[in-house]
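> Sending over a structure as structure tokens; questions will come in a sec.
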Amino acid sequence: MANPPKKILHIEDDSSVQLVVKGFLENAGYQVISALDAVQGVMMARQHAPDLIVLDVVMPAGGGESVFTHLRNMSFTKHTPILIYSGTDQAGVLAKITPDAQTRILHKLAPPSELIKTVNSMLGME
């Protein structure tokens, strides 16, 4: 019997970006759960216990930096890998978030193949 697909929570306020990323990740064999803002993202993380979280930094209702802090302070997501996937450059992200060993940063302009490669690597699927 095959293993169930890894579960990814994508927290992104731009619905068009969310749809595109969801398509790429589902085509790569992942189950994707989407949240459109910071509050919904934290709730969905609690409800679905994702294997990986893909997080935008710039968004309403708390912002990505607030979500990141909440996720790292909650026992059930403290060690969940988080991919910061943002249009903000790395220096801008680092000004808002202090990454840990379970965090990587990828710019939204990276090709889809790099997104999938990074997700695969973070989930040990390479």
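Chain labels run A, B, ... following the order of the structure tokens; each chain numbers its residues from 1, and ligands are numbered from 1 in the order shown.
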Would you list the contacts of Thr103 of chain A as a VMD selection string, taking every protein, DNA or RNA residue within 6 Å and counting only C-alpha atoms, but skipping same-chain residues closer than 5 positions in sequence?
chain A and resid 81 to 83
> Once you have the residues from the selection above, write them out as a CSV table (one decimal), in the first residue's frame, restricted to all heavy atoms.

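part.csv was written with the following content:
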chain,number,residue,atom,x,y,z
A,81,PRO,N,8.6,22.1,9.1
A,81,PRO,CA,9.4,22.9,8.1
A,81,PRO,C,8.5,24.0,7.5
A,81,PRO,O,7.4,23.8,7.2
A,81,PRO,CB,9.8,21.9,7.1
A,81,PRO,CG,9.7,20.6,7.7
A,81,PRO,CD,8.6,20.7,8.7
A,82,ILE,N,9.1,25.2,7.4
A,82,ILE,CA,8.4,26.4,6.8
A,82,ILE,C,9.2,26.9,5.7
A,82,ILE,O,10.4,27.3,5.9
A,82,ILE,CB,8.1,27.5,7.9
A,82,ILE,CG1,7.2,27.0,9.0
A,82,ILE,CG2,7.5,28.7,7.2
A,82,ILE,CD1,7.0,28.0,10.1
A,83,LEU,N,8.6,27.0,4.5
A,83,LEU,CA,9.2,27.7,3.4
A,83,LEU,C,8.6,29.0,3.2
A,83,LEU,O,7.4,29.2,3.0
A,83,LEU,CB,9.0,26.8,2.1
A,83,LEU,CG,9.4,27.5,0.8
A,83,LEU,CD1,10.9,27.8,0.8
A,83,LEU,CD2,9.0,26.6,-0.4
> Write down as a ChimeraX atom specification the residues belonging to segment 48-109 of chain A that are assigned alpha helix (DSSP H) by DSSP computed on the backbone.
/A:48,63-73,90-96
> How close does each residue of segment 68-124 of chain A get to segment 10-32 of chain A, giving the shortest atom pair and distance in Å to one decimal for every residue with an atom at most 12 Å away, counting only C-alpha atoms, sorted by chain and residue number, as CSV?

residue,atom,partner,partner_atom,distance
A:Phe68,CA,A:Ile11,CA,10.6
A:Leu71,CA,A:Ile11,CA,11.9
A:Ile82,CA,A:His10,CA,9.9
A:Leu83,CA,A:His10,CA,9.4
A:Ile84,CA,A:Ile11,CA,9.8
A:Tyr85,CA,A:Glu12,CA,9.0
A:Ser86,CA,A:Glu12,CA,9.2
A:Gly87,CA,A:Val17,CA,10.8
A:Lys108,CA,A:Val17,CA,9.1
A:Leu109,CA,A:Val17,CA,11.3
A:Ala110,CA,A:Val21,CA,11.8
A:Pro111,CA,A:Phe24,CA,10.7
A:Pro112,CA,A:Phe24,CA,7.0
A:Ser113,CA,A:Phe24,CA,8.8
A:Glu114,CA,A:Phe24,CA,10.9
A:Leu115,CA,A:Phe24,CA,8.6
A:Ile116,CA,A:Leu25,CA,6.9
A:Lys117,CA,A:Ala28,CA,9.9
A:Thr118,CA,A:Leu25,CA,11.2
A:Val119,CA,A:Leu25,CA,8.7
A:Asn120,CA,A:Ala28,CA,9.1
A:Leu123,CA,A:Tyr30,CA,10.7
> Within 9 Å of Lys7 of chain A, counting only C-alpha atoms, which residues show up once you throw out same-chain ones fewer than 5 positions away? Write them as a list of chain:residue names, please.
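Answer for this query is A:Tyr30, A:Gln31, A:Val32, A:Ile33, A:His48, A:Ala49, A:Pro50, A:Asp51, A:Leu52, A:Ile53.
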> Please save N, CA, C and O atoms of the selected residues as a CSV table (one decimal), in the first residue's frame.

chain,number,residue,atom,x,y,z
A,30,TYR,N,1.7,16.2,-4.0
A,30,TYR,CA,1.4,16.7,-2.6
A,30,TYR,C,-0.1,17.0,-2.4
A,30,TYR,O,-0.8,17.4,-3.4
A,31,GLN,N,-0.6,16.8,-1.2
A,31,GLN,CA,-1.9,17.3,-0.9
A,31,GLN,C,-1.8,18.7,-0.4
A,31,GLN,O,-0.9,19.0,0.5
A,32,VAL,N,-2.5,19.7,-0.9
A,32,VAL,CA,-2.4,21.1,-0.6
A,32,VAL,C,-3.7,21.6,0.1
A,32,VAL,O,-4.8,21.4,-0.4
A,33,ILE,N,-3.4,22.3,1.2
A,33,ILE,CA,-4.5,22.9,2.0
A,33,ILE,C,-4.2,24.4,1.9
A,33,ILE,O,-3.0,24.8,2.1
A,48,HIS,N,-5.0,20.7,10.6
A,48,HIS,CA,-4.6,19.8,9.6
A,48,HIS,C,-3.2,19.2,9.9
A,48,HIS,O,-2.8,18.2,9.1
A,49,ALA,N,-2.4,19.7,10.8
A,49,ALA,CA,-1.1,19.2,11.1
A,49,ALA,C,-0.3,18.9,9.8
A,49,ALA,O,0.1,17.8,9.5
A,50,PRO,N,0.0,20.0,9.1
A,50,PRO,CA,0.8,19.8,7.8
A,50,PRO,C,2.2,19.3,8.0
A,50,PRO,O,2.8,19.5,9.1
A,51,ASP,N,2.7,18.6,6.9
A,51,ASP,CA,4.1,18.2,6.9
A,51,ASP,C,5.1,19.3,6.6
A,51,ASP,O,6.2,19.3,6.9
A,52,LEU,N,4.5,20.4,5.9
A,52,LEU,CA,5.3,21.5,5.5
A,52,LEU,C,4.3,22.7,5.4
A,52,LEU,O,3.2,22.5,5.0
A,53,ILE,N,4.8,23.9,5.7
A,53,ILE,CA,4.0,25.1,5.5
A,53,ILE,C,4.8,26.0,4.5
A,53,ILE,O,6.0,26.3,4.7
> Any chance you could list, as a PyMOL selection string, the residues in chain A that come up strand (DSSP E) when DSSP is run on the backbone?
chain A and resi 7-11+31-35+52-55+82-86+103-107
> Taking into account only C-alpha atoms, which residue in the set A:Pro4, A:Thr88, A:Thr69, A:Ser121 is nearest to Asp100 of chain A?
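So, comparing all the options, the nearest one is A:Thr69.
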> Show me, as a list in words, the residues that have an atom within 12 Å of Thr98 of chain A when counting only C-alpha atoms, minus same-chain residues fewer than 2 positions from it.
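Once the adjacent positions are removed, what remains is Glu65, Ser66, Phe68, Thr69, Arg72, Ile82, Ile84, Gln90, Ala91, Gly92, Val93, Leu94, Ala95, Lys96, Asp100, Ala101, Gln102, Thr103, Arg104 and Ile105 of chain A.
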> Convert the current residue selection to file output with C-alpha atoms, as a JSON list (two decimals), in the first residue's frame.

[["chain", "number", "residue", "atom", "x", "y", "z"],
["A", 65, "GLU", "CA", 5.93, 37.42, 10.37],
["A", 66, "SER", "CA", 3.18, 37.11, 12.98],
["A", 68, "PHE", "CA", 5.75, 32.53, 11.60],
["A", 69, "THR", "CA", 6.13, 33.53, 15.26],
["A", 72, "ARG", "CA", 7.15, 28.47, 16.02],
["A", 82, "ILE", "CA", 8.40, 26.38, 6.83],
["A", 84, "ILE", "CA", 8.99, 31.44, 3.24],
["A", 90, "GLN", "CA", 15.79, 37.78, 1.11],
["A", 91, "ALA", "CA", 17.13, 40.83, 2.97],
["A", 92, "GLY", "CA", 13.57, 42.12, 3.40],
["A", 93, "VAL", "CA", 12.40, 38.75, 4.70],
["A", 94, "LEU", "CA", 15.36, 38.51, 7.08],
["A", 95, "ALA", "CA", 14.51, 41.98, 8.44],
["A", 96, "LYS", "CA", 11.12, 40.57, 9.54],
["A", 100, "ASP", "CA", 15.75, 28.56, 12.12],
["A", 101, "ALA", "CA", 17.09, 25.21, 10.89],
["A", 102, "GLN", "CA", 13.60, 24.21, 9.70],
["A", 103, "THR", "CA", 13.10, 27.37, 7.61],
["A", 104, "ARG", "CA", 14.09, 28.24, 4.07],
["A", 105, "ILE", "CA", 13.41, 31.30, 1.94]]
